[in-house]
file run01.csv (CSV, C-alpha atoms and all ligand atoms)
chain,number,residue,atom,x,y,z
O,1,VAL,CA,0.0,0.0,0.0
O,2,GLU,CA,1.6,3.1,-1.2
O,3,ALA,CA,-0.2,6.2,0.0
O,4,PRO,CA,1.5,9.0,1.9
O,5,PHE,CA,-1.8,10.4,3.3
O,6,ALA,CA,-4.9,9.0,5.1
O,7,ASP,CA,-7.2,9.7,2.2
O,8,PRO,CA,-9.9,7.7,0.3
O,9,PHE,CA,-7.2,6.2,-2.0
O,10,PHE,CA,-5.4,4.8,1.1
O,11,GLU,CA,-8.7,3.2,2.3
O,12,LEU,CA,-9.2,1.7,-1.2
O,13,ALA,CA,-5.7,0.3,-1.2
O,14,LEU,CA,-6.2,-1.4,2.1
O,15,LEU,CA,-9.4,-3.0,0.8
O,16,GLY,CA,-7.4,-4.1,-2.3
O,17,ARG,CA,-4.6,-5.6,-0.2
O,18,ALA,CA,-7.1,-7.6,1.9
O,19,GLU,CA,-8.3,-9.4,-1.3
O,20,HIS,CA,-5.0,-11.0,-2.0
O,21,GLY,CA,-4.6,-13.6,0.9
O,22,PRO,CA,-8.0,-15.2,0.4
O,23,LEU,CA,-7.7,-15.0,-3.4
O,24,ALA,CA,-4.3,-16.7,-3.4
O,25,GLU,CA,-5.7,-19.6,-1.3
O,26,ARG,CA,-8.7,-19.9,-3.6
O,27,LEU,CA,-6.6,-20.0,-6.8
O,28,LEU,CA,-4.3,-22.6,-5.3
O,29,ASP,CA,-7.4,-24.7,-4.5
O,30,GLU,CA,-9.2,-24.2,-7.8
O,31,VAL,CA,-6.4,-24.1,-10.4
O,32,GLY,CA,-3.4,-25.5,-8.5
O,33,LEU,CA,-1.2,-22.4,-9.1
O,34,ASP,CA,0.7,-20.7,-6.2
O,35,VAL,CA,0.7,-17.0,-7.0
O,36,GLU,CA,3.4,-16.5,-4.3
O,37,TYR,CA,1.4,-14.2,-2.1
O,38,ARG,CA,3.6,-13.7,0.9
O,39,ALA,CA,3.1,-11.2,3.8
O,40,THR,CA,6.8,-10.5,4.0
O,41,GLY,CA,6.4,-6.9,5.2
O,42,ILE,CA,8.1,-3.8,3.9
O,43,LEU,CA,11.0,-1.9,5.5
O,44,ARG,CA,11.0,1.7,4.3
O,45,VAL,CA,14.3,3.4,4.9
O,46,ALA,CA,15.1,7.1,5.1
O,47,ARG,CA,18.4,8.4,3.7
O,48,THR,CA,18.0,12.0,4.7
O,49,GLU,CA,16.5,14.0,7.6
O,50,ALA,CA,13.6,15.1,5.2
O,51,GLU,CA,12.8,11.5,4.4
O,52,ARG,CA,13.0,10.6,8.0
O,53,ALA,CA,10.5,13.3,8.9
O,54,ASP,CA,8.2,12.1,6.1
O,55,LEU,CA,8.3,8.5,7.2
O,56,GLN,CA,7.8,9.5,10.9
O,57,ARG,CA,4.7,11.4,9.9
O,58,GLN,CA,3.4,8.3,8.1
O,59,TYR,CA,4.3,6.2,11.1
O,60,ARG,CA,2.2,8.4,13.4
O,61,TRP,CA,-1.0,8.4,11.3
O,62,GLN,CA,-0.7,4.8,10.3
O,63,SER,CA,-0.3,3.8,14.0
O,64,ALA,CA,-3.3,6.1,14.9
O,65,ARG,CA,-5.3,4.3,12.2
O,66,GLY,CA,-4.6,1.0,14.0
O,67,LEU,CA,-2.2,-0.4,11.3
O,68,ALA,CA,0.9,-2.4,12.0
O,69,ALA,CA,3.6,0.3,11.8
O,70,GLU,CA,6.8,0.3,13.8
O,71,TRP,CA,9.6,2.9,13.9
O,72,VAL,CA,13.1,1.5,13.6
O,73,ASP,CA,16.0,3.7,14.7
O,74,SER,CA,18.9,4.0,12.5
O,75,ASP,CA,21.2,2.0,14.8
O,76,ASP,CA,18.6,-0.9,14.9
O,77,LEU,CA,18.2,-1.2,11.1
O,78,GLY,CA,20.9,-3.8,10.9
O,79,ARG,CA,19.1,-6.0,13.4
O,80,ARG,CA,15.9,-5.8,11.4
O,81,GLU,CA,17.7,-6.3,8.1
O,82,PRO,CA,21.2,-7.8,8.2
O,83,LEU,CA,21.9,-6.6,4.6
O,84,LEU,CA,21.7,-3.0,6.0
O,85,SER,CA,24.2,-3.5,8.9
O,86,GLY,CA,27.0,-1.8,7.0
O,87,VAL,CA,25.1,1.4,6.4
O,88,ALA,CA,22.7,1.5,9.4
O,89,GLY,CA,23.5,4.4,11.8
O,90,ARG,CA,25.8,5.9,9.2
O,91,LEU,CA,24.1,6.5,5.8
O,92,LEU,CA,20.5,5.8,6.9
O,93,ALA,CA,18.3,8.0,9.1
O,94,GLY,CA,15.9,5.3,10.4
O,95,GLY,CA,13.1,3.2,8.9
O,96,LEU,CA,9.4,2.4,9.0
O,97,TRP,CA,8.6,-1.3,9.4
O,98,LEU,CA,5.2,-2.2,7.9
O,99,ALA,CA,4.6,-5.9,8.9
O,100,ASP,CA,1.3,-6.4,7.1
O,101,GLU,CA,2.5,-5.5,3.6
O,102,GLY,CA,2.8,-8.4,1.1
O,103,GLN,CA,3.9,-9.3,-2.3
O,104,VAL,CA,2.6,-11.5,-5.1
O,105,ARG,CA,4.1,-12.7,-8.4
O,106,SER,CA,1.9,-10.8,-10.8
O,107,PRO,CA,2.4,-12.8,-14.1
O,108,ARG,CA,1.4,-15.9,-12.1
O,109,LEU,CA,-1.6,-14.1,-10.7
O,110,VAL,CA,-2.8,-13.2,-14.2
O,111,GLN,CA,-2.3,-16.8,-15.4
O,112,ALA,CA,-4.2,-18.2,-12.4
O,113,LEU,CA,-7.1,-15.8,-12.8
O,114,ALA,CA,-7.3,-16.6,-16.5
O,115,LEU,CA,-7.5,-20.3,-15.8
O,116,ALA,CA,-10.1,-19.8,-13.1
O,117,ALA,CA,-12.2,-17.6,-15.4
O,118,ALA,CA,-11.9,-20.2,-18.2
O,119,GLN,CA,-13.1,-22.8,-15.8
O,120,ARG,CA,-16.2,-20.7,-15.3
O,121,GLY,CA,-16.9,-20.4,-19.0
O,122,ALA,CA,-15.0,-17.2,-20.0
O,123,ARG,CA,-13.5,-17.3,-23.4
O,124,ILE,CA,-10.0,-15.7,-23.5
O,125,MET,CA,-9.0,-14.6,-27.1
O,126,GLU,CA,-5.2,-14.1,-26.7
O,127,GLY,CA,-3.6,-11.9,-29.3
O,128,ALA,CA,-7.0,-10.6,-30.6
O,129,TRP,CA,-6.2,-6.9,-31.1
O,130,VAL,CA,-9.2,-4.6,-30.8
O,131,VAL,CA,-9.1,-2.0,-33.6
O,132,ARG,CA,-12.3,-0.2,-32.7
O,133,LEU,CA,-15.1,0.1,-30.2
O,134,CYS,CA,-18.4,-0.4,-31.9
O,135,VAL,CA,-21.1,2.2,-30.9
O,136,SER,CA,-24.5,2.6,-32.4
O,137,GLY,CA,-27.1,5.2,-31.3
O,138,GLY,CA,-25.0,6.2,-28.2
O,139,ARG,CA,-24.7,2.6,-27.0
O,140,VAL,CA,-21.8,0.2,-27.2
O,141,THR,CA,-22.5,-2.9,-29.3
O,142,GLY,CA,-19.1,-4.7,-29.2
O,143,VAL,CA,-15.6,-4.5,-30.4
O,144,GLN,CA,-14.0,-4.9,-33.8
O,145,THR,CA,-11.0,-7.2,-34.3
O,146,PRO,CA,-9.0,-7.9,-37.5
O,147,SER,CA,-10.9,-11.2,-37.7
O,148,GLY,CA,-14.4,-9.9,-37.1
O,149,THR,CA,-16.7,-8.2,-34.7
O,150,VAL,CA,-17.4,-9.5,-31.2
O,151,GLY,CA,-20.9,-8.3,-30.1
O,152,ALA,CA,-21.5,-7.3,-26.5
O,153,ASP,CA,-24.0,-5.4,-24.4
O,154,SER,CA,-21.2,-4.1,-22.1
O,155,VAL,CA,-17.6,-3.5,-22.9
O,156,VAL,CA,-14.9,-2.8,-20.3
O,157,LEU,CA,-12.1,-0.6,-21.6
O,158,ALA,CA,-9.0,-1.8,-19.7
O,159,ALA,CA,-6.3,-1.4,-22.4
O,160,GLY,CA,-3.7,0.2,-20.1
O,161,VAL,CA,-1.7,3.0,-21.8
O,162,TRP,CA,-3.5,2.2,-25.0
O,163,SER,CA,-7.0,2.9,-23.6
O,164,PRO,CA,-7.0,6.5,-24.9
O,165,ASP,CA,-6.4,5.3,-28.5
O,166,LEU,CA,-9.5,3.2,-28.5
O,167,ALA,CA,-11.5,5.9,-26.7
O,168,ARG,CA,-10.5,8.5,-29.2
O,169,GLY,CA,-12.0,6.4,-31.9
O,170,ILE,CA,-15.4,7.2,-30.4
O,171,ASP,CA,-14.6,10.8,-29.6
O,172,LEU,CA,-14.0,10.2,-25.9
O,173,GLU,CA,-10.9,11.6,-24.2
O,174,VAL,CA,-9.5,9.3,-21.5
O,175,PRO,CA,-6.5,11.2,-20.0
O,176,VAL,CA,-4.0,8.3,-19.5
O,177,GLN,CA,-0.3,8.5,-20.1
O,178,PRO,CA,2.5,5.9,-19.7
O,179,VAL,CA,4.9,6.1,-16.8
O,180,LYS,CA,7.6,3.6,-17.8
O,181,GLY,CA,9.2,1.4,-15.1
O,182,GLN,CA,12.4,-0.6,-15.5
O,183,VAL,CA,13.3,-3.5,-13.3
O,184,VAL,CA,16.4,-5.7,-12.8
O,185,SER,CA,16.1,-9.3,-11.8
O,186,LEU,CA,18.9,-10.4,-9.4
O,187,ARG,CA,20.1,-13.5,-7.6
O,188,GLY,CA,21.6,-13.0,-4.1
O,189,LEU,CA,23.7,-16.2,-4.1
O,190,GLY,CA,23.0,-17.0,-0.4
O,191,LYS,CA,22.5,-13.3,0.6
O,192,ARG,CA,19.1,-11.8,0.2
O,193,PRO,CA,16.9,-9.3,2.0
O,194,ARG,CA,14.6,-10.7,4.7
O,195,GLN,CA,11.8,-8.4,3.7
O,196,VAL,CA,11.1,-5.8,1.0
O,197,ILE,CA,13.5,-2.9,1.4
O,198,TRP,CA,12.2,0.3,0.0
O,199,SER,CA,14.1,3.6,-0.2
O,200,GLY,CA,12.9,6.8,-1.9
O,201,GLU,CA,14.4,5.8,-5.2
O,202,CYS,CA,14.2,2.0,-5.4
O,203,TYR,CA,13.0,-1.2,-3.8
O,204,LEU,CA,14.4,-4.8,-3.4
O,205,VAL,CA,11.9,-7.6,-3.3
O,206,PRO,CA,13.0,-11.1,-2.2
O,207,ARG,CA,11.0,-13.7,-4.0
O,208,PRO,CA,10.3,-17.2,-2.6
O,209,ASP,CA,12.5,-18.8,-5.3
O,210,GLY,CA,15.6,-16.8,-4.5
O,211,GLU,CA,15.1,-14.0,-7.1
O,212,VAL,CA,15.6,-10.5,-5.8
O,213,VAL,CA,13.7,-7.9,-7.9
O,214,LEU,CA,15.2,-4.4,-8.1
O,215,GLY,CA,12.7,-1.8,-9.2
O,216,ALA,CA,11.7,0.6,-10.6
O,217,THR,CA,12.3,3.7,-12.6
O,218,GLU,CA,9.6,6.4,-13.2
O,219,GLU,CA,9.7,7.7,-16.8
O,220,GLU,CA,6.8,9.9,-17.7
O,221,GLY,CA,5.4,9.9,-21.2
O,222,ASN,CA,7.7,7.2,-22.5
O,223,TYR,CA,6.0,4.6,-24.7
O,224,ASP,CA,9.1,2.5,-25.4
O,225,ALA,CA,8.9,-0.5,-23.1
O,226,ARG,CA,12.5,-1.6,-23.5
O,227,PRO,CA,15.1,-1.3,-20.7
O,228,THR,CA,17.8,1.3,-21.3
O,229,LEU,CA,21.3,1.6,-20.0
O,230,ALA,CA,20.5,5.0,-18.3
O,231,GLY,CA,17.5,3.4,-16.5
O,232,LEU,CA,19.5,0.5,-15.2
O,233,HIS,CA,22.3,2.8,-14.1
O,234,ARG,CA,19.8,4.9,-12.1
O,235,LEU,CA,18.4,1.8,-10.4
O,236,THR,CA,21.8,0.2,-9.6
O,237,GLU,CA,23.2,3.4,-8.2
O,238,ALA,CA,20.1,3.9,-6.0
O,239,ALA,CA,20.2,0.3,-4.8
O,240,LEU,CA,23.9,0.3,-4.0
O,241,GLU,CA,23.6,3.5,-2.0
O,242,VAL,CA,21.3,1.8,0.4
O,243,VAL,CA,22.4,-1.8,0.2
O,244,PRO,CA,26.1,-1.9,-0.8
O,245,ALA,CA,26.1,-5.7,-0.2
O,246,ALA,CA,23.8,-6.0,-3.3
O,247,GLY,CA,26.9,-5.2,-5.4
O,248,GLY,CA,27.7,-9.0,-5.3
O,249,PHE,CA,24.3,-10.0,-6.6
O,250,VAL,CA,24.2,-11.6,-10.0
O,251,VAL,CA,22.0,-10.1,-12.8
O,252,ASP,CA,19.5,-12.6,-14.1
O,253,GLY,CA,17.6,-10.3,-16.5
O,254,VAL,CA,16.0,-6.9,-17.1
O,255,TRP,CA,12.6,-5.8,-18.2
O,256,ALA,CA,10.4,-2.7,-18.4
O,257,GLY,CA,6.7,-2.0,-18.5
O,258,LEU,CA,4.3,0.9,-19.0
O,259,ARG,CA,2.1,2.0,-16.0
O,260,PRO,CA,-1.1,3.6,-17.2
O,261,ALA,CA,-1.5,6.9,-15.3
O,262,ALA,CA,-4.1,9.7,-15.0
O,263,PRO,CA,-3.0,13.3,-14.3
O,264,ASP,CA,-3.8,12.9,-10.6
O,265,ARG,CA,-2.3,9.3,-10.5
O,266,TYR,CA,-5.6,7.8,-9.3
O,267,PRO,CA,-7.5,5.0,-11.2
O,268,ILE,CA,-10.3,5.8,-13.5
O,269,ILE,CA,-13.1,3.4,-12.8
O,270,GLY,CA,-16.7,3.9,-13.9
O,271,TRP,CA,-19.3,4.1,-16.7
O,272,ALA,CA,-18.1,6.2,-19.6
O,273,PRO,CA,-20.2,9.4,-19.9
O,274,GLY,CA,-22.3,9.5,-23.0
O,275,VAL,CA,-21.7,6.0,-24.2
O,276,GLU,CA,-24.2,3.5,-22.7
O,277,GLY,CA,-22.7,0.1,-21.8
O,278,LEU,CA,-19.0,1.2,-21.9
O,279,PHE,CA,-17.2,0.9,-18.6
O,280,LEU,CA,-13.7,2.3,-18.0
O,281,ALA,CA,-11.3,0.5,-15.8
O,282,THR,CA,-7.8,1.9,-16.3
O,283,ALA,CA,-5.1,4.3,-14.9
O,284,HIS,CA,-4.1,2.0,-12.0
O,285,TYR,CA,-0.6,3.5,-12.3
O,286,ARG,CA,1.6,1.9,-9.6
O,287,ASN,CA,-1.3,0.0,-8.0
O,288,GLY,CA,-2.8,-2.3,-10.7
O,289,VAL,CA,-1.5,-5.5,-9.0
O,290,LEU,CA,-2.6,-4.3,-5.6
O,291,LEU,CA,-6.0,-3.2,-6.8
O,292,GLY,CA,-6.6,-5.5,-9.7
O,293,PRO,CA,-8.6,-8.2,-7.8
O,294,LEU,CA,-10.8,-5.6,-6.0
O,295,THR,CA,-11.4,-3.6,-9.2
O,296,GLY,CA,-12.3,-6.7,-11.2
O,297,ARG,CA,-14.8,-7.9,-8.6
O,298,ARG,CA,-16.4,-4.4,-8.2
O,299,VAL,CA,-16.6,-3.8,-12.0
O,300,ALA,CA,-18.4,-7.2,-12.4
O,301,ASP,CA,-20.8,-6.2,-9.6
O,302,ARG,CA,-21.5,-2.8,-11.2
O,303,ILE,CA,-22.1,-4.2,-14.7
O,304,LEU,CA,-24.0,-7.4,-13.8
O,305,ALA,CA,-25.9,-6.2,-10.7
O,306,GLY,CA,-26.1,-2.5,-11.1
O,307,ALA,CA,-24.1,-2.0,-7.8
O,308,PRO,CA,-23.2,1.6,-6.8
O,309,PRO,CA,-19.6,2.7,-7.0
O,310,GLY,CA,-19.0,2.5,-3.2
O,311,GLU,CA,-15.3,3.2,-2.4
O,312,PHE,CA,-14.6,3.8,-6.0
O,313,ALA,CA,-16.9,6.8,-6.1
O,314,PRO,CA,-14.0,9.4,-5.9
O,315,PHE,CA,-12.3,7.7,-8.8
O,316,GLY,CA,-14.9,7.9,-11.5
O,317,PRO,CA,-14.3,9.2,-15.0
O,318,ASP,CA,-16.5,12.2,-14.2
O,319,ARG,CA,-13.6,14.0,-12.6
O,320,PHE,CA,-12.0,14.4,-16.1
O,321,ILE,CA,-14.6,13.7,-18.8
O,401,LIG,C1,8.1,-1.9,-13.3
O,401,LIG,C2,6.7,-1.9,-12.8
O,401,LIG,C3,6.5,-2.3,-11.5
O,401,LIG,C4,5.2,-2.3,-11.0
O,401,LIG,N1,5.0,-2.7,-9.7
O,401,LIG,C5,3.8,-2.7,-9.2
O,401,LIG,C6,3.5,-3.1,-7.8
O,401,LIG,O1,4.5,-3.5,-7.1
O,401,LIG,N2,2.3,-3.2,-7.4
O,401,LIG,C7,1.2,-2.8,-8.1
O,401,LIG,O2,0.1,-2.8,-7.7
O,401,LIG,N3,1.4,-2.4,-9.4
O,401,LIG,C8,2.6,-2.4,-9.9
O,401,LIG,N4,2.8,-1.9,-11.2
O,401,LIG,C9,1.7,-1.4,-12.0
O,401,LIG,C10,0.8,-2.4,-12.6
O,401,LIG,O3,1.6,-3.3,-13.4
O,401,LIG,C11,-0.2,-1.7,-13.5
O,401,LIG,O4,-0.9,-0.8,-12.8
O,401,LIG,C12,-1.1,-2.7,-14.2
O,401,LIG,O5,-0.4,-3.6,-15.0
O,401,LIG,C13,-2.2,-2.0,-15.0
O,401,LIG,O6,-3.0,-3.0,-15.5
O,401,LIG,P1,-4.0,-2.8,-16.7
O,401,LIG,O7,-4.6,-4.2,-17.0
O,401,LIG,O8,-4.8,-1.7,-16.6
O,401,LIG,O9,-3.0,-2.4,-17.9
O,401,LIG,P2,-1.9,-3.4,-18.6
O,401,LIG,O10,-1.2,-4.2,-17.6
O,401,LIG,O11,-1.0,-2.4,-19.4
O,401,LIG,O12,-2.7,-4.3,-19.6
O,401,LIG,C14,-3.4,-3.7,-20.7
O,401,LIG,C15,-3.6,-4.9,-21.7
O,401,LIG,O13,-4.4,-4.4,-22.7
O,401,LIG,C16,-3.9,-4.9,-23.9
O,401,LIG,N5,-4.3,-4.1,-25.0
O,401,LIG,C17,-4.0,-2.8,-25.2
O,401,LIG,N6,-4.6,-2.3,-26.3
O,401,LIG,C18,-5.3,-3.3,-26.8
O,401,LIG,C19,-6.2,-3.5,-28.0
O,401,LIG,N7,-6.4,-2.5,-28.8
O,401,LIG,N8,-6.7,-4.7,-28.2
O,401,LIG,C20,-6.5,-5.7,-27.3
O,401,LIG,N9,-5.7,-5.7,-26.2
O,401,LIG,C21,-5.2,-4.5,-26.0
O,401,LIG,C22,-2.4,-4.9,-23.7
O,401,LIG,O14,-1.8,-5.8,-24.6
O,401,LIG,C23,-2.3,-5.4,-22.3
O,401,LIG,O15,-2.2,-6.8,-22.2
O,401,LIG,C24,4.1,-1.9,-11.8
O,401,LIG,C25,4.3,-1.6,-13.1
O,401,LIG,C26,5.6,-1.6,-13.6
O,401,LIG,C27,5.8,-1.2,-15.0

call {"tool": "encode", "arguments": {"input": "run01.csv", "output": "structure tokens"}}
result
Amino acid sequence: VEAPFADPFFELALLGRAEHGPLAERLLDEVGLDVEYRATGILRVARTEAERADLQRQYRWQSARGLAAEWVDSDDLGRREPLLSGVAGRLLAGGLWLADEGQVRSPRLVQALALAAAQRGARIMEGAWVVRLCVSGGRVTGVQTPSGTVGADSVVLAAGVWSPDLARGIDLEVPVQPVKGQVVSLRGLGKRPRQVIWSGECYLVPRPDGEVVLGATEEEGNYDARPTLAGLHRLTEAALEVVPAAGGFVVDGVWAGLRPAAPDRYPIIGWAPGVEGLFLATAHYRNGVLLGPLTGRRVADRILAGAPPGEFAPFGPDRFI
């Protein structure tokens, strides 16, 4: 949960987080895939006095909100995370330990959800590119693909950073831009973080299979989803400043992705104004994995049962369109 203030988005993120544990169990049961949901906790570290003041402010309001938040003094960081023992008390100004935070392997989660959906009768047409939304008399009637039209009473536009292209085809402006993120996949060779370590510029995530994920850059407006030398340089520099011991980690691979982001960085979830039957579910920015299961369930409730927006009310398209 990444929210610096106690606001409606933070409450939404908490609800999103609560979906993951039970969902992981159900998916293991139903399709036999472990999506690697683990409540490993996150240790946020401050490098400067300003970052320390900011984390302490978060510590105070999260504790007051009844959440698991613990302040770790600089000298104690090495005990909480042995990989930090070389820099604790020297380069770091303290940390915030958030024990309830978790992680999940997102490609596995998508795969498991697709299998579970198929078991319930969903037809997944992989590689079928939608070239146009079909609208007639102010109502959506389906989508057009190169191999034909797929008719539908309702269409969910969830095409990530490409959502605006499809919307523009029906004269709808959906203000979504890419924020590119680059990632390095590492192996610690016996040494690895006990928990997620997160500084202002990067994070290190220890996966159950020994992988350590180093992420992620923030590159606004960049549609090129390939890793670059400059991006990897920024990441490695940021990681080695906080965890010099990571210098001995072996590089397994690099990748990049495009986060779909609205101008205010909040999701856009709701019925498209002026086009009956078209539902927008996009702009999850840095939180699409966290919120995905909750968004999916609530979108289904709204389309199939006419449910009200509930906690998603502040995040409707009406704030832009
Ligand atoms: C480096 C990195 C790290 C991240 N870490 C986290 C994290 O720790 N936690 C978290 O919650 N989130 C994280 N995110 C964000 C998360 O990945 C996104 O918010 C999420 O993927 C958005 O999901 P989406 O389905 O809306 O869009 P996407 O994942 O972009 O999916 C859109 C899909 O639509 C398809 N599509 C587009 N146009 C068409 C078309 N015309 N026809 C058919 N299909 C089309 C695309 O091929 C794609 O498969 C991270 C992102 C990056 C890049």

call {"tool": "residues_around", "arguments": {"input": "run01.csv", "residues": "stretch 99-113 of chain O", "least_positions_apart": "2", "cutoff": "7 Å", "atoms": "only C-alpha atoms", "output": "ChimeraX atom specification"}}
result
/O:27,31,33,35-42,68-69,97,115-117,289

call {"tool": "write_last_selection", "arguments": {"input": "run01.csv", "atoms": "C-alpha atoms", "output": "mmCIF file, in the frame of the given file"}}
result
data_model
loop_
_atom_site.group_PDB
_atom_site.id
_atom_site.type_symbol
_atom_site.label_atom_id
_atom_site.label_comp_id
_atom_site.auth_asym_id
_atom_site.auth_seq_id
_atom_site.Cartn_x
_atom_site.Cartn_y
_atom_site.Cartn_z
ATOM 1 C CA LEU O 27 -6.600 -20.000 -6.800
ATOM 2 C CA VAL O 31 -6.400 -24.100 -10.400
ATOM 3 C CA LEU O 33 -1.200 -22.400 -9.100
ATOM 4 C CA VAL O 35 0.700 -17.000 -7.000
ATOM 5 C CA GLU O 36 3.400 -16.500 -4.300
ATOM 6 C CA TYR O 37 1.400 -14.200 -2.100
ATOM 7 C CA ARG O 38 3.600 -13.700 0.900
ATOM 8 C CA ALA O 39 3.100 -11.200 3.800
ATOM 9 C CA THR O 40 6.800 -10.500 4.000
ATOM 10 C CA GLY O 41 6.400 -6.900 5.200
ATOM 11 C CA ILE O 42 8.100 -3.800 3.900
ATOM 12 C CA ALA O 68 0.900 -2.400 12.000
ATOM 13 C CA ALA O 69 3.600 0.300 11.800
ATOM 14 C CA TRP O 97 8.600 -1.300 9.400
ATOM 15 C CA LEU O 115 -7.500 -20.300 -15.800
ATOM 16 C CA ALA O 116 -10.100 -19.800 -13.100
ATOM 17 C CA ALA O 117 -12.200 -17.600 -15.400
ATOM 18 C CA VAL O 289 -1.500 -5.500 -9.000
#

call {"tool": "residues_near_ligand", "arguments": {"input": "run01.csv", "ligand": "ligand LIG 401 (chain O)", "cutoff": "7 Å", "atoms": "all atoms listed in the file", "output": "ChimeraX atom specification"}}
result
/O:128-131,158-163,166,180-183,215-216,256-260,281-291

call {"tool": "write_last_selection", "arguments": {"input": "run01.csv", "atoms": "C-alpha atoms", "output": "PDB file, keeping the file's coordinate frame"}}
result
ATOM      1  CA  ALA O 128      -7.000 -10.600 -30.600  1.00  0.00           C
ATOM      2  CA  TRP O 129      -6.200  -6.900 -31.100  1.00  0.00           C
ATOM      3  CA  VAL O 130      -9.200  -4.600 -30.800  1.00  0.00           C
ATOM      4  CA  VAL O 131      -9.100  -2.000 -33.600  1.00  0.00           C
ATOM      5  CA  ALA O 158      -9.000  -1.800 -19.700  1.00  0.00           C
ATOM      6  CA  ALA O 159      -6.300  -1.400 -22.400  1.00  0.00           C
ATOM      7  CA  GLY O 160      -3.700   0.200 -20.100  1.00  0.00           C
ATOM      8  CA  VAL O 161      -1.700   3.000 -21.800  1.00  0.00           C
ATOM      9  CA  TRP O 162      -3.500   2.200 -25.000  1.00  0.00           C
ATOM     10  CA  SER O 163      -7.000   2.900 -23.600  1.00  0.00           C
ATOM     11  CA  LEU O 166      -9.500   3.200 -28.500  1.00  0.00           C
ATOM     12  CA  LYS O 180       7.600   3.600 -17.800  1.00  0.00           C
ATOM     13  CA  GLY O 181       9.200   1.400 -15.100  1.00  0.00           C
ATOM     14  CA  GLN O 182      12.400  -0.600 -15.500  1.00  0.00           C
ATOM     15  CA  VAL O 183      13.300  -3.500 -13.300  1.00  0.00           C
ATOM     16  CA  GLY O 215      12.700  -1.800  -9.200  1.00  0.00           C
ATOM     17  CA  ALA O 216      11.700   0.600 -10.600  1.00  0.00           C
ATOM     18  CA  ALA O 256      10.400  -2.700 -18.400  1.00  0.00           C
ATOM     19  CA  GLY O 257       6.700  -2.000 -18.500  1.00  0.00           C
ATOM     20  CA  LEU O 258       4.300   0.900 -19.000  1.00  0.00           C
ATOM     21  CA  ARG O 259       2.100   2.000 -16.000  1.00  0.00           C
ATOM     22  CA  PRO O 260      -1.100   3.600 -17.200  1.00  0.00           C
ATOM     23  CA  ALA O 281     -11.300   0.500 -15.800  1.00  0.00           C
ATOM     24  CA  THR O 282      -7.800   1.900 -16.300  1.00  0.00           C
ATOM     25  CA  ALA O 283      -5.100   4.300 -14.900  1.00  0.00           C
ATOM     26  CA  HIS O 284      -4.100   2.000 -12.000  1.00  0.00           C
ATOM     27  CA  TYR O 285      -0.600   3.500 -12.300  1.00  0.00           C
ATOM     28  CA  ARG O 286       1.600   1.900  -9.600  1.00  0.00           C
ATOM     29  CA  ASN O 287      -1.300   0.000  -8.000  1.00  0.00           C
ATOM     30  CA  GLY O 288      -2.800  -2.300 -10.700  1.00  0.00           C
ATOM     31  CA  VAL O 289      -1.500  -5.500  -9.000  1.00  0.00           C
ATOM     32  CA  LEU O 290      -2.600  -4.300  -5.600  1.00  0.00           C
ATOM     33  CA  LEU O 291      -6.000  -3.200  -6.800  1.00  0.00           C
TER      34      LEU O 291
END

call {"tool": "atom_distance", "arguments": {"input": "run01.csv", "atom1": "atom CA of O:Pro206", "atom2": "atom CA of O:Ala24"}}
result
18.2 Å

call {"tool": "residues_around", "arguments": {"input": "run01.csv", "residues": "O:Gly231", "least_positions_apart": "3", "cutoff": "7 Å", "atoms": "only C-alpha atoms", "output": "list of chain:residue names"}}
result
O:Gln182, O:Thr217, O:Pro227, O:Thr228, O:Arg234, O:Leu235

call {"tool": "atom_distance", "arguments": {"input": "run01.csv", "atom1": "atom CA of O:Arg168", "atom2": "atom CA of O:Ala261"}}
result
16.6 Å

call {"tool": "closest_residue", "arguments": {"input": "run01.csv", "among": "O:Met125, O:Ala3, O:Leu12, O:Val184", "to": "O:Gly310", "atoms": "only C-alpha atoms"}}
result
O:Leu12

call {"tool": "atom_distance", "arguments": {"input": "run01.csv", "atom1": "atom CA of O:Ile268", "atom2": "atom CA of O:Gly316"}}
result
5.4 Å

call {"tool": "closest_residue", "arguments": {"input": "run01.csv", "among": "O:Leu304, O:Ala114, O:Cys202, O:Val174", "to": "O:Val45", "atoms": "only C-alpha atoms"}}
result
O:Cys202

call {"tool": "closest_residue", "arguments": {"input": "run01.csv", "among": "O:Leu15, O:Val72, O:Leu189, O:Val242", "to": "O:Arg298", "atoms": "all atoms listed in the file"}}
result
O:Leu15
